[in-house]
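To be precise, the following lines are data-v1.pdb, and they hold PDB, C-alpha atoms.
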```
ATOM      1  CA  MET A  22      32.393  31.315  19.296
ATOM      2  CA  VAL A  23      28.935  32.799  19.901
ATOM      3  CA  ASP A  24      29.005  36.590  20.183
ATOM      4  CA  ARG A  25      26.945  37.467  23.245
ATOM      5  CA  GLU A  26      27.865  41.130  23.324
ATOM      6  CA  GLN A  27      24.861  43.326  23.982
ATOM      7  CA  ASP A  28      24.223  46.745  22.469
ATOM      8  CA  ILE A  29      22.731  49.629  24.391
ATOM      9  CA  GLY A  30      19.322  48.212  23.572
ATOM     10  CA  GLY A  31      20.007  45.495  26.138
ATOM     11  CA  GLY A  32      19.664  42.476  23.831
ATOM     12  CA  VAL A  33      21.350  40.230  21.262
ATOM     13  CA  THR A  34      21.104  40.092  17.502
ATOM     14  CA  VAL A  35      18.856  37.648  15.678
ATOM     15  CA  GLY A  36      21.890  35.612  14.603
ATOM     16  CA  THR A  37      23.133  35.295  18.187
ATOM     17  CA  ALA A  38      19.648  34.480  19.457
ATOM     18  CA  ALA A  39      19.302  31.749  16.855
ATOM     19  CA  GLU A  40      22.556  30.148  17.961
ATOM     20  CA  LEU A  41      21.671  30.417  21.634
ATOM     21  CA  VAL A  42      18.353  28.585  21.277
ATOM     22  CA  GLY A  43      19.429  26.193  18.517
ATOM     23  CA  VAL A  44      17.221  27.274  15.612
ATOM     24  CA  THR A  45      17.804  29.048  12.326
ATOM     25  CA  VAL A  46      17.568  32.758  11.695
ATOM     26  CA  ARG A  47      14.815  31.997   9.184
ATOM     27  CA  THR A  48      12.820  30.267  11.946
ATOM     28  CA  LEU A  49      13.136  33.304  14.221
ATOM     29  CA  HIS A  50      12.000  35.568  11.392
ATOM     30  CA  HIS A  51       8.965  33.324  10.883
ATOM     31  CA  TRP A  52       8.071  33.354  14.564
ATOM     32  CA  ASP A  53       8.423  37.123  14.511
ATOM     33  CA  GLU A  54       6.150  37.439  11.451
ATOM     34  CA  ILE A  55       3.361  35.387  13.039
ATOM     35  CA  GLY A  56       3.680  37.192  16.358
ATOM     36  CA  LEU A  57       4.815  34.161  18.328
ATOM     37  CA  ALA A  58       8.143  35.603  19.509
ATOM     38  CA  SER A  59       9.507  39.001  18.560
ATOM     39  CA  PRO A  60      12.612  40.941  19.650
ATOM     40  CA  SER A  61      11.541  43.651  22.084
ATOM     41  CA  ALA A  62      14.699  45.815  22.306
ATOM     42  CA  ARG A  63      16.349  48.164  19.842
ATOM     43  CA  THR A  64      19.898  49.400  19.380
ATOM     44  CA  SER A  65      20.781  53.085  19.110
ATOM     45  CA  ALA A  66      20.753  52.561  15.358
ATOM     46  CA  GLY A  67      17.239  51.168  15.494
ATOM     47  CA  TYR A  68      18.099  47.483  15.022
ATOM     48  CA  ARG A  69      15.837  45.070  16.878
ATOM     49  CA  GLN A  70      17.336  42.774  19.503
ATOM     50  CA  TYR A  71      16.231  39.921  21.740
ATOM     51  CA  THR A  72      16.289  40.599  25.477
ATOM     52  CA  GLU A  73      16.864  38.007  28.176
ATOM     53  CA  ALA A  74      13.086  37.683  28.592
ATOM     54  CA  ASP A  75      12.736  37.211  24.829
ATOM     55  CA  LEU A  76      15.364  34.456  24.920
ATOM     56  CA  GLN A  77      13.545  32.703  27.771
ATOM     57  CA  ARG A  78      10.374  32.711  25.653
ATOM     58  CA  LEU A  79      12.315  31.326  22.697
ATOM     59  CA  HIS A  80      13.688  28.490  24.841
ATOM     60  CA  ARG A  81      10.152  27.631  25.987
ATOM     61  CA  ILE A  82       8.921  27.618  22.398
ATOM     62  CA  VAL A  83      11.720  25.282  21.374
ATOM     63  CA  ALA A  84      10.980  22.968  24.303
ATOM     64  CA  TYR A  85       7.287  22.688  23.466
ATOM     65  CA  ARG A  86       7.998  22.363  19.744
ATOM     66  CA  GLU A  87      10.352  19.461  20.431
ATOM     67  CA  ALA A  88       7.539  17.910  22.496
ATOM     68  CA  GLY A  89       5.438  17.964  19.353
ATOM     69  CA  LEU A  90       3.081  20.901  19.978
ATOM     70  CA  ARG A  91       1.999  22.953  16.985
ATOM     71  CA  LEU A  92       2.837  26.642  17.020
ATOM     72  CA  ASP A  93      -0.756  27.683  17.658
ATOM     73  CA  ALA A  94      -0.872  25.379  20.703
ATOM     74  CA  ILE A  95       2.431  26.791  21.934
ATOM     75  CA  ARG A  96       1.057  30.313  21.590
ATOM     76  CA  ALA A  97      -1.958  29.337  23.724
ATOM     77  CA  VAL A  98       0.279  27.802  26.392
ATOM     78  CA  LEU A  99       2.547  30.848  26.595
ATOM     79  CA  ASP A 100       0.021  33.655  26.171
ATOM     80  CA  ASP A 101      -3.240  32.413  27.675
ATOM     81  CA  THR A 102      -3.039  32.335  31.456
ATOM     82  CA  ALA A 103      -6.227  30.255  31.499
ATOM     83  CA  THR A 104      -4.600  27.463  29.502
ATOM     84  CA  GLU A 105      -3.952  24.337  31.554
ATOM     85  CA  ILE A 106      -0.505  23.252  30.409
ATOM     86  CA  GLY A 107      -0.874  19.784  31.870
ATOM     87  CA  GLU A 108      -4.093  19.191  29.929
ATOM     88  CA  THR A 109      -2.512  20.484  26.720
ATOM     89  CA  LEU A 110       0.358  18.038  27.140
ATOM     90  CA  ARG A 111      -2.037  15.169  27.917
ATOM     91  CA  VAL A 112      -3.877  15.906  24.666
ATOM     92  CA  GLN A 113      -0.564  15.982  22.845
ATOM     93  CA  ARG A 114       0.368  12.587  24.305
ATOM     94  CA  ALA A 115      -2.954  11.145  23.202
ATOM     95  CA  GLN A 116      -2.358  12.429  19.668
ATOM     96  CA  LEU A 117       1.139  10.967  19.766
ATOM     97  CA  ALA A 118      -0.250   7.590  20.880
ATOM     98  CA  ASN A 119      -2.577   7.640  17.870
ATOM     99  CA  ARG A 120       0.339   8.416  15.564
ATOM    100  CA  ILE A 121       2.379   5.579  17.085
ATOM    101  CA  ARG A 122      -0.544   3.182  16.544
ATOM    102  CA  ASP A 123      -0.908   4.331  12.934
ATOM    103  CA  LEU A 124       2.824   3.884  12.335
ATOM    104  CA  GLN A 125       2.743   0.396  13.871
ATOM    105  CA  GLN A 126      -0.140  -0.545  11.575
ATOM    106  CA  LEU A 127       1.760   0.885   8.612
ATOM    107  CA  ASP A 128       4.817  -1.141   9.612
ATOM    108  CA  GLU A 129       2.698  -4.297   9.782
ATOM    109  CA  ARG A 130       1.230  -3.609   6.330
ATOM    110  CA  LEU A 131       4.693  -3.019   4.887
ATOM    111  CA  GLU A 132       5.930  -6.259   6.466
ATOM    112  CA  ARG A 133       3.035  -8.225   4.953
ATOM    113  CA  MET A 134       3.617  -6.558   1.588
ATOM    114  CA  GLY A 135       7.260  -7.604   1.650
ATOM    115  CA  GLN A 136       6.344 -11.162   2.633
ATOM    116  CA  ALA A 137       3.732 -11.308  -0.126
ATOM    117  CA  HIS A 138       6.310 -10.269  -2.714
ATOM    118  CA  GLU A 139       8.535 -13.099  -1.476
ATOM    119  CA  ARG A 140       5.971 -15.853  -0.841
ATOM    120  CA  GLY A 141       2.863 -14.928  -2.795
ATOM    121  CA  ILE A 142       0.137 -16.401  -0.595
ATOM    122  CA  LEU A 143       0.456 -15.537   3.106
ATOM    123  CA  LEU A 144      -1.140 -18.697   4.458
ATOM    124  CA  ASP A 145       0.788 -21.594   5.995
ATOM    125  CA  ASP A 146       0.945 -24.813   3.983
ATOM    126  CA  GLU A 147      -1.710 -26.599   6.061
ATOM    127  CA  THR A 148      -4.154 -23.728   5.687
ATOM    128  CA  GLN A 149      -3.497 -23.539   1.946
ATOM    129  CA  SER A 150      -4.393 -27.232   1.636
ATOM    130  CA  GLU A 151      -7.578 -26.657   3.602
ATOM    131  CA  VAL A 152      -8.545 -23.672   1.440
ATOM    132  CA  PHE A 153      -7.446 -24.848  -2.009
ATOM    133  CA  GLY A 154      -7.854 -28.606  -1.602
ATOM    134  CA  PRO A 155      -5.581 -31.558  -0.821
ATOM    135  CA  ASP A 156      -4.035 -31.543  -4.310
ATOM    136  CA  TRP A 157      -2.729 -28.016  -3.838
ATOM    137  CA  ASP A 158       1.085 -27.753  -3.907
ATOM    138  CA  ALA A 159       2.126 -24.839  -1.704
ATOM    139  CA  GLU A 160       5.791 -25.232  -2.668
ATOM    140  CA  GLN A 161       4.964 -24.967  -6.349
ATOM    141  CA  SER A 162       3.007 -21.821  -5.562
ATOM    142  CA  ARG A 163       6.079 -20.286  -3.885
ATOM    143  CA  GLN A 164       8.255 -21.263  -6.834
ATOM    144  CA  ALA A 165       6.018 -19.174  -9.092
ATOM    145  CA  ARG A 166       8.012 -16.162  -7.910
ATOM    146  CA  MET A 167      11.088 -17.572  -9.654
ATOM    147  CA  VAL A 168       9.204 -17.391 -12.969
ATOM    148  CA  TRP A 169       6.984 -14.338 -12.532
ATOM    149  CA  GLY A 170       8.720 -12.380  -9.766
ATOM    150  CA  ASP A 171       9.942  -9.569 -12.025
ATOM    151  CA  SER A 172       6.587  -9.031 -13.724
ATOM    152  CA  THR A 173       4.013  -6.345 -13.077
ATOM    153  CA  GLN A 174       1.424  -9.073 -12.578
ATOM    154  CA  TRP A 175       3.377 -10.648  -9.720
ATOM    155  CA  ALA A 176       3.601  -7.250  -8.031
ATOM    156  CA  GLN A 177      -0.160  -6.791  -8.457
ATOM    157  CA  PHE A 178      -0.772 -10.293  -7.130
ATOM    158  CA  ALA A 179       1.434  -9.618  -4.088
ATOM    159  CA  GLU A 180      -0.228  -6.270  -3.369
ATOM    160  CA  ARG A 181      -3.628  -7.955  -3.252
ATOM    161  CA  SER A 182      -2.364 -10.999  -1.406
ATOM    162  CA  ALA A 183      -0.895  -8.846   1.375
ATOM    163  CA  SER A 184      -4.331  -7.772   2.604
ATOM    164  CA  ARG A 185      -6.319 -10.902   1.708
ATOM    165  CA  THR A 186      -7.715 -12.896   4.626
ATOM    166  CA  ARG A 187      -8.251 -16.637   4.832
ATOM    167  CA  ALA A 188     -11.993 -16.080   4.341
ATOM    168  CA  GLN A 189     -11.327 -14.030   1.207
ATOM    169  CA  TRP A 190      -8.980 -16.714  -0.154
ATOM    170  CA  GLN A 191     -11.669 -19.290   0.568
ATOM    171  CA  SER A 192     -14.265 -17.232  -1.282
ATOM    172  CA  LEU A 193     -11.926 -16.869  -4.265
ATOM    173  CA  SER A 194     -11.112 -20.590  -4.219
ATOM    174  CA  ASP A 195     -14.828 -21.406  -4.189
ATOM    175  CA  ALA A 196     -15.433 -19.044  -7.106
ATOM    176  CA  MET A 197     -12.641 -20.691  -9.143
ATOM    177  CA  ALA A 198     -13.999 -24.146  -8.300
ATOM    178  CA  THR A 199     -17.457 -23.078  -9.499
ATOM    179  CA  VAL A 200     -16.058 -21.826 -12.811
ATOM    180  CA  GLN A 201     -14.109 -25.049 -13.296
ATOM    181  CA  PHE A 202     -17.210 -27.126 -12.556
ATOM    182  CA  GLU A 203     -19.166 -25.094 -15.114
ATOM    183  CA  LEU A 204     -16.395 -25.593 -17.681
ATOM    184  CA  GLY A 205     -16.405 -29.355 -17.110
ATOM    185  CA  ASP A 206     -20.179 -29.454 -17.377
ATOM    186  CA  ALA A 207     -20.015 -27.496 -20.646
ATOM    187  CA  VAL A 208     -17.596 -30.066 -22.089
ATOM    188  CA  ASP A 209     -19.984 -32.868 -21.093
ATOM    189  CA  ARG A 210     -22.799 -31.072 -22.915
ATOM    190  CA  ASP A 211     -20.677 -30.423 -26.035
ATOM    191  CA  VAL A 212     -21.033 -26.661 -25.764
ATOM    192  CA  ARG A 213     -19.569 -25.206 -28.943
ATOM    193  CA  PRO A 214     -16.573 -22.814 -28.692
ATOM    194  CA  GLY A 215     -17.705 -19.427 -29.918
ATOM    195  CA  SER A 216     -21.292 -19.890 -28.740
ATOM    196  CA  GLN A 217     -22.887 -17.381 -26.400
ATOM    197  CA  GLU A 218     -22.689 -19.851 -23.513
ATOM    198  CA  ALA A 219     -19.012 -20.565 -24.146
ATOM    199  CA  ASN A 220     -18.206 -16.853 -24.414
ATOM    200  CA  THR A 221     -20.041 -16.191 -21.147
ATOM    201  CA  LEU A 222     -17.970 -18.865 -19.422
ATOM    202  CA  VAL A 223     -14.749 -17.372 -20.796
ATOM    203  CA  GLU A 224     -15.717 -13.932 -19.507
ATOM    204  CA  ARG A 225     -16.666 -15.425 -16.156
ATOM    205  CA  HIS A 226     -13.258 -17.089 -15.943
ATOM    206  CA  ARG A 227     -11.526 -13.791 -16.777
ATOM    207  CA  GLU A 228     -13.574 -11.955 -14.161
ATOM    208  CA  VAL A 229     -12.717 -14.426 -11.391
ATOM    209  CA  PHE A 230      -9.058 -14.730 -12.435
ATOM    210  CA  SER A 231      -8.740 -10.932 -12.330
ATOM    211  CA  ASN A 232      -8.918 -11.194  -8.544
ATOM    212  CA  PHE A 233      -5.261 -12.285  -8.755
ATOM    213  CA  PHE A 234      -4.226  -9.511 -11.172
ATOM    214  CA  PRO A 235      -6.004  -7.613 -13.973
ATOM    215  CA  LEU A 236      -6.391 -10.065 -16.861
ATOM    216  CA  THR A 237      -6.995  -8.631 -20.325
ATOM    217  CA  ARG A 238      -8.480 -10.714 -23.138
ATOM    218  CA  GLN A 239      -5.091 -10.789 -24.882
ATOM    219  CA  MET A 240      -3.475 -12.073 -21.711
ATOM    220  CA  GLN A 241      -6.251 -14.635 -21.368
ATOM    221  CA  VAL A 242      -5.442 -15.898 -24.878
ATOM    222  CA  CYS A 243      -1.838 -16.400 -23.780
ATOM    223  CA  LEU A 244      -3.047 -18.249 -20.666
ATOM    224  CA  GLY A 245      -5.315 -20.426 -22.773
ATOM    225  CA  GLY A 246      -2.364 -21.493 -24.901
ATOM    226  CA  MET A 247      -0.437 -22.291 -21.722
ATOM    227  CA  PHE A 248      -3.356 -24.311 -20.335
ATOM    228  CA  GLU A 249      -3.175 -26.506 -23.427
ATOM    229  CA  SER A 250       0.577 -26.727 -24.047
ATOM    230  CA  ASP A 251       2.110 -26.724 -20.574
ATOM    231  CA  PRO A 252       2.189 -30.288 -19.177
ATOM    232  CA  GLY A 253       1.319 -29.173 -15.645
ATOM    233  CA  PHE A 254      -1.587 -26.965 -16.651
ATOM    234  CA  SER A 255      -2.974 -29.373 -19.250
ATOM    235  CA  ALA A 256      -2.849 -32.247 -16.757
ATOM    236  CA  TYR A 257      -4.717 -30.123 -14.240
ATOM    237  CA  TYR A 258      -7.491 -29.078 -16.629
ATOM    238  CA  ASN A 259      -7.770 -32.474 -18.282
ATOM    239  CA  GLY A 260      -7.996 -33.917 -14.779
ATOM    240  CA  ILE A 261     -11.189 -31.901 -14.336
ATOM    241  CA  ARG A 262     -12.561 -33.271 -17.609
ATOM    242  CA  VAL A 263     -10.840 -35.106 -20.453
ATOM    243  CA  GLY A 264     -10.199 -32.694 -23.292
ATOM    244  CA  LEU A 265     -10.978 -29.602 -21.230
ATOM    245  CA  ALA A 266      -7.594 -27.936 -21.803
ATOM    246  CA  SER A 267      -7.905 -27.878 -25.614
ATOM    247  CA  TRP A 268     -11.626 -27.082 -25.546
ATOM    248  CA  PHE A 269     -11.113 -24.162 -23.180
ATOM    249  CA  ARG A 270      -8.253 -22.778 -25.263
ATOM    250  CA  GLN A 271     -10.539 -22.851 -28.315
ATOM    251  CA  CYS A 272     -13.279 -21.090 -26.357
ATOM    252  CA  ILE A 273     -10.882 -18.359 -25.246
ATOM    253  CA  ASP A 274      -9.646 -17.880 -28.827
ATOM    254  CA  GLU A 275     -13.176 -17.630 -30.231
ATOM    255  CA  ASN A 276     -14.208 -15.145 -27.558
ATOM    256  CA  ALA A 277     -11.134 -13.061 -28.369
ATOM    257  CA  ARG A 278     -12.054 -13.042 -32.063
ATOM    258  CA  ALA A 279     -15.539 -11.850 -31.138
ATOM    259  CA  HIS A 280     -13.841  -8.839 -29.527
ATOM    260  CA  GLY A 281     -11.580  -8.085 -32.492
ATOM    261  CA  ILE A 282      -8.477  -9.846 -31.160
ATOM    262  CA  ASP A 283      -6.479 -12.217 -33.372
ATOM    263  CA  PRO A 284      -5.370 -15.114 -31.124
ATOM    264  CA  GLU A 285      -2.428 -15.772 -33.436
ATOM    265  CA  THR A 286      -0.888 -12.380 -32.663
ATOM    266  CA  ALA A 287      -2.114 -11.860 -29.088
ATOM    267  CA  THR A 288       0.607 -10.822 -26.640
ATOM    268  CA  TRP A 289       0.848 -10.563 -22.849
ATOM    269  CA  GLN A 290      -0.556  -7.068 -22.510
TER     270      GLN A 290
END
```

Can I see the file as structure tokens?
Amino acid sequence: MVDREQDIGGGVTVGTAAELVGVTVRTLHHWDEIGLASPSARTSAGYRQYTEADLQRLHRIVAYREAGLRLDAIRAVLDDTATEIGETLRVQRAQLANRIRDLQQLDERLERMGQAHERGILLDDETQSEVFGPDWDAEQSRQARMVWGDSTQWAQFAERSASRTRAQWQSLSDAMATVQFELGDAVDRDVRPGSQEANTLVERHREVFSNFFPLTRQMQVCLGGMFESDPGFSAYYNGIRVGLASWFRQCIDENARAHGIDPETATWQ
């Protein structure tokens, strides 16, 4: 039970005051140190105590603190007779409204991030077909999570996807289409793997692909092997131009060698 017994100083101890107003003794010591609220009475032994007026001030401080005011603002409200309390509270409400808006935006970003980790591309199927072309398989795109969902690259892809707009996806799709057109044209012109032109195309592909997740040259070598050996990928690239899958893999390997990477030992890193 709270001990409310007063000494001859006419007040209560710091421990009792803390219990009465619902704060910690450490908090009262802090408020005392900064001159916000100090005990104004003393016992016969010289111990400081909080009077009834002191307790009323403490209750007001607690009330304004719970309303969200900073201690310096509370000091102004309590000590400056010129301070308009209503205006101070209106300002506090405006600041609170801004915080609520920021938290709502944060919640929306977190929701999109979670959806991106689950779905990958946050566009409906119809929009994906419009952006990526009629041959695009949105379901196959979602199934990619089953294969890559535990990888760092999927997390990076999702983090970027969460904030990417339709216009940005369209721009990226157009950039990929341009690279693929240039690759097909290079095959038609018998561009030699390892040539400067072929190496430039490989680097261009890596640059554009890195919009999905950072793609190192070693990782690109692994992708090149997949483009050639995986039935789905090889059919896609050979659909652009007959023989493109094997030719592009050779180009990637030669570019890697030019940068001191042995394609035979390249790993996904």

Selection result for the PyMOL selection byres ((chain A and resi 52-69) around 8) on this file, as number ranges by chain: A: 28-32, 34, 48-51, 70-72, 75, 78-79, 92, 96

Test item: residues at most 10 Å from Phe254 (chain A), only C-alpha atoms, excluding those fewer than 5 positions along its chain, as a PyMOL selection string: chain A and resi 244-249+259-260+266

Pick from A:Ala196, A:Leu41, A:Ile273, A:Leu143, whichever lies nearest to Glu224 (chain A) using all atoms listed in the file: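 Closest residue, counting all atoms listed in the file: A:Ile273.
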
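When the distance limit is 12 Å and all atoms listed in the file are what count, the residues near Tyr257 (chain A), minus those fewer than 5 positions from it on the same chain, are Asp156, Trp157, Gln201, Met247, Phe248, Glu249, Ser250, Asp251, Pro252, Arg262, Val263, Gly264, Leu265 and Ala266 of chain A.
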
Residue among A:Val112, A:Met240, A:Ala179, A:Ile142 lying closest to Ser162 (chain A), counting only C-alpha atoms: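 Ranking A:Val112, A:Met240, A:Ala179, A:Ile142 by distance to Ser162 (chain A), first place goes to A:Ile142.
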
Between CA of Arg166 (chain A) and CA of Glu139 (chain A), distance in Å (one decimal):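 Computed distance, CA of Arg166 (chain A) to CA of Glu139 (chain A), equals 7.1 Å.
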
Atomic distance CA of Arg185 (chain A) - CA of Arg120 (chain A), expressed in Å with one decimal: 24.7 Å

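Within the file as shown, the PyMOL selection byres ((chain A and resi 280) around 12) identifies Gly215, Asn220, Glu224, Thr237, Arg238, Gln239, Val242, Ile273, Asp274, Glu275, Asn276, Ala277, Arg278, Ala279, Gly281, Ile282, Asp283 and Pro284 of chain A.
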
Quick one: what's the axis-aligned box for region 192-209 of chain A, all listed atoms, 5 Å on every side, centre and edges in Å to one decimal, as lines of an AutoDock Vina configuration file?
```
center_x = -15.6
center_y = -24.9
center_z = -11.7
size_x = 19.1
size_y = 26.0
size_z = 30.8
```

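The interatomic distance for the pair CA of Phe233 (chain A) and CA of Phe178 (chain A) works out to 5.2 Å.
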
Hits from the PyMOL selection byres ((chain A and resi 223) around 9), listed as an MDAnalysis selection string: chainID A and resid 204 218:222 224:228 241 269 272:273 276

Dump of C-alpha atoms for the selected residues, as a PDB file, keeping the file's coordinate frame:
```pdb
ATOM      1  CA  LEU A 204     -16.395 -25.593 -17.681  1.00  0.00           C
ATOM      2  CA  GLU A 218     -22.689 -19.851 -23.513  1.00  0.00           C
ATOM      3  CA  ALA A 219     -19.012 -20.565 -24.146  1.00  0.00           C
ATOM      4  CA  ASN A 220     -18.206 -16.853 -24.414  1.00  0.00           C
ATOM      5  CA  THR A 221     -20.041 -16.191 -21.147  1.00  0.00           C
ATOM      6  CA  LEU A 222     -17.970 -18.865 -19.422  1.00  0.00           C
ATOM      7  CA  GLU A 224     -15.717 -13.932 -19.507  1.00  0.00           C
ATOM      8  CA  ARG A 225     -16.666 -15.425 -16.156  1.00  0.00           C
ATOM      9  CA  HIS A 226     -13.258 -17.089 -15.943  1.00  0.00           C
ATOM     10  CA  ARG A 227     -11.526 -13.791 -16.777  1.00  0.00           C
ATOM     11  CA  GLU A 228     -13.574 -11.955 -14.161  1.00  0.00           C
ATOM     12  CA  GLN A 241      -6.251 -14.635 -21.368  1.00  0.00           C
ATOM     13  CA  PHE A 269     -11.113 -24.162 -23.180  1.00  0.00           C
ATOM     14  CA  CYS A 272     -13.279 -21.090 -26.357  1.00  0.00           C
ATOM     15  CA  ILE A 273     -10.882 -18.359 -25.246  1.00  0.00           C
ATOM     16  CA  ASN A 276     -14.208 -15.145 -27.558  1.00  0.00           C
TER      17      ASN A 276
END
```

Any chance you could build region 88-96 of chain A out to all heavy atoms and write it as a PDB file, in the coordinates of the input?
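So out.pdb came out as:
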```pdb
ATOM      1  N   ALA A  88       8.504  18.838  21.900  1.00  0.00           N
ATOM      2  CA  ALA A  88       7.539  17.910  22.496  1.00  0.00           C
ATOM      3  C   ALA A  88       6.419  17.576  21.520  1.00  0.00           C
ATOM      4  O   ALA A  88       5.588  16.712  21.806  1.00  0.00           O
ATOM      5  CB  ALA A  88       6.953  18.501  23.770  1.00  0.00           C
ATOM      6  N   GLY A  89       6.405  18.294  20.379  1.00  0.00           N
ATOM      7  CA  GLY A  89       5.438  17.964  19.353  1.00  0.00           C
ATOM      8  C   GLY A  89       4.261  18.903  19.241  1.00  0.00           C
ATOM      9  O   GLY A  89       3.368  18.684  18.414  1.00  0.00           O
ATOM     10  N   LEU A  90       4.197  19.974  20.058  1.00  0.00           N
ATOM     11  CA  LEU A  90       3.081  20.901  19.978  1.00  0.00           C
ATOM     12  C   LEU A  90       3.185  21.755  18.716  1.00  0.00           C
ATOM     13  O   LEU A  90       4.290  22.148  18.302  1.00  0.00           O
ATOM     14  CB  LEU A  90       3.040  21.819  21.206  1.00  0.00           C
ATOM     15  CG  LEU A  90       2.142  21.369  22.366  1.00  0.00           C
ATOM     16  CD1 LEU A  90       2.676  20.089  22.980  1.00  0.00           C
ATOM     17  CD2 LEU A  90       2.026  22.481  23.407  1.00  0.00           C
ATOM     18  N   ARG A  91       2.029  22.038  18.114  1.00  0.00           N
ATOM     19  CA  ARG A  91       1.999  22.953  16.985  1.00  0.00           C
ATOM     20  C   ARG A  91       2.186  24.375  17.507  1.00  0.00           C
ATOM     21  O   ARG A  91       1.958  24.662  18.682  1.00  0.00           O
ATOM     22  CB  ARG A  91       0.676  22.835  16.230  1.00  0.00           C
ATOM     23  CG  ARG A  91       0.427  21.468  15.622  1.00  0.00           C
ATOM     24  CD  ARG A  91      -0.692  21.583  14.590  1.00  0.00           C
ATOM     25  NE  ARG A  91      -1.838  22.329  15.144  1.00  0.00           N
ATOM     26  CZ  ARG A  91      -2.976  21.765  15.481  1.00  0.00           C
ATOM     27  NH1 ARG A  91      -3.143  20.459  15.344  1.00  0.00           N
ATOM     28  NH2 ARG A  91      -3.979  22.496  15.962  1.00  0.00           N
ATOM     29  N   LEU A  92       2.539  25.270  16.599  1.00  0.00           N
ATOM     30  CA  LEU A  92       2.837  26.642  17.020  1.00  0.00           C
ATOM     31  C   LEU A  92       1.618  27.330  17.617  1.00  0.00           C
ATOM     32  O   LEU A  92       1.751  28.117  18.558  1.00  0.00           O
ATOM     33  CB  LEU A  92       3.375  27.443  15.832  1.00  0.00           C
ATOM     34  CG  LEU A  92       4.734  26.988  15.282  1.00  0.00           C
ATOM     35  CD1 LEU A  92       5.173  27.909  14.148  1.00  0.00           C
ATOM     36  CD2 LEU A  92       5.790  26.961  16.382  1.00  0.00           C
ATOM     37  N   ASP A  93       0.429  27.051  17.096  1.00  0.00           N
ATOM     38  CA  ASP A  93      -0.756  27.683  17.658  1.00  0.00           C
ATOM     39  C   ASP A  93      -1.010  27.202  19.083  1.00  0.00           C
ATOM     40  O   ASP A  93      -1.463  27.975  19.949  1.00  0.00           O
ATOM     41  CB  ASP A  93      -1.978  27.443  16.769  1.00  0.00           C
ATOM     42  CG  ASP A  93      -2.251  25.969  16.532  1.00  0.00           C
ATOM     43  OD1 ASP A  93      -1.371  25.133  16.838  1.00  0.00           O
ATOM     44  OD2 ASP A  93      -3.346  25.647  16.034  1.00  0.00           O
ATOM     45  N   ALA A  94      -0.715  25.908  19.350  1.00  0.00           N
ATOM     46  CA  ALA A  94      -0.872  25.379  20.703  1.00  0.00           C
ATOM     47  C   ALA A  94       0.167  25.984  21.633  1.00  0.00           C
ATOM     48  O   ALA A  94      -0.118  26.285  22.805  1.00  0.00           O
ATOM     49  CB  ALA A  94      -0.760  23.858  20.691  1.00  0.00           C
ATOM     50  N   ILE A  95       1.381  26.171  21.114  1.00  0.00           N
ATOM     51  CA  ILE A  95       2.431  26.791  21.934  1.00  0.00           C
ATOM     52  C   ILE A  95       2.040  28.225  22.285  1.00  0.00           C
ATOM     53  O   ILE A  95       2.228  28.676  23.428  1.00  0.00           O
ATOM     54  CB  ILE A  95       3.777  26.764  21.187  1.00  0.00           C
ATOM     55  CG1 ILE A  95       4.245  25.311  20.977  1.00  0.00           C
ATOM     56  CG2 ILE A  95       4.830  27.568  21.948  1.00  0.00           C
ATOM     57  CD1 ILE A  95       5.490  25.191  20.129  1.00  0.00           C
ATOM     58  N   ARG A  96       1.489  28.941  21.325  1.00  0.00           N
ATOM     59  CA  ARG A  96       1.057  30.313  21.590  1.00  0.00           C
ATOM     60  C   ARG A  96       0.031  30.347  22.730  1.00  0.00           C
ATOM     61  O   ARG A  96       0.095  31.205  23.623  1.00  0.00           O
ATOM     62  CB  ARG A  96       0.456  30.931  20.330  1.00  0.00           C
ATOM     63  CG  ARG A  96       0.095  32.411  20.484  1.00  0.00           C
ATOM     64  CD  ARG A  96      -0.887  32.842  19.401  1.00  0.00           C
ATOM     65  NE  ARG A  96      -0.370  32.561  18.080  1.00  0.00           N
ATOM     66  CZ  ARG A  96       0.464  33.351  17.413  1.00  0.00           C
ATOM     67  NH1 ARG A  96       0.876  34.477  17.977  1.00  0.00           N
ATOM     68  NH2 ARG A  96       0.869  33.023  16.200  1.00  0.00           N
TER      69      ARG A  96
END
```
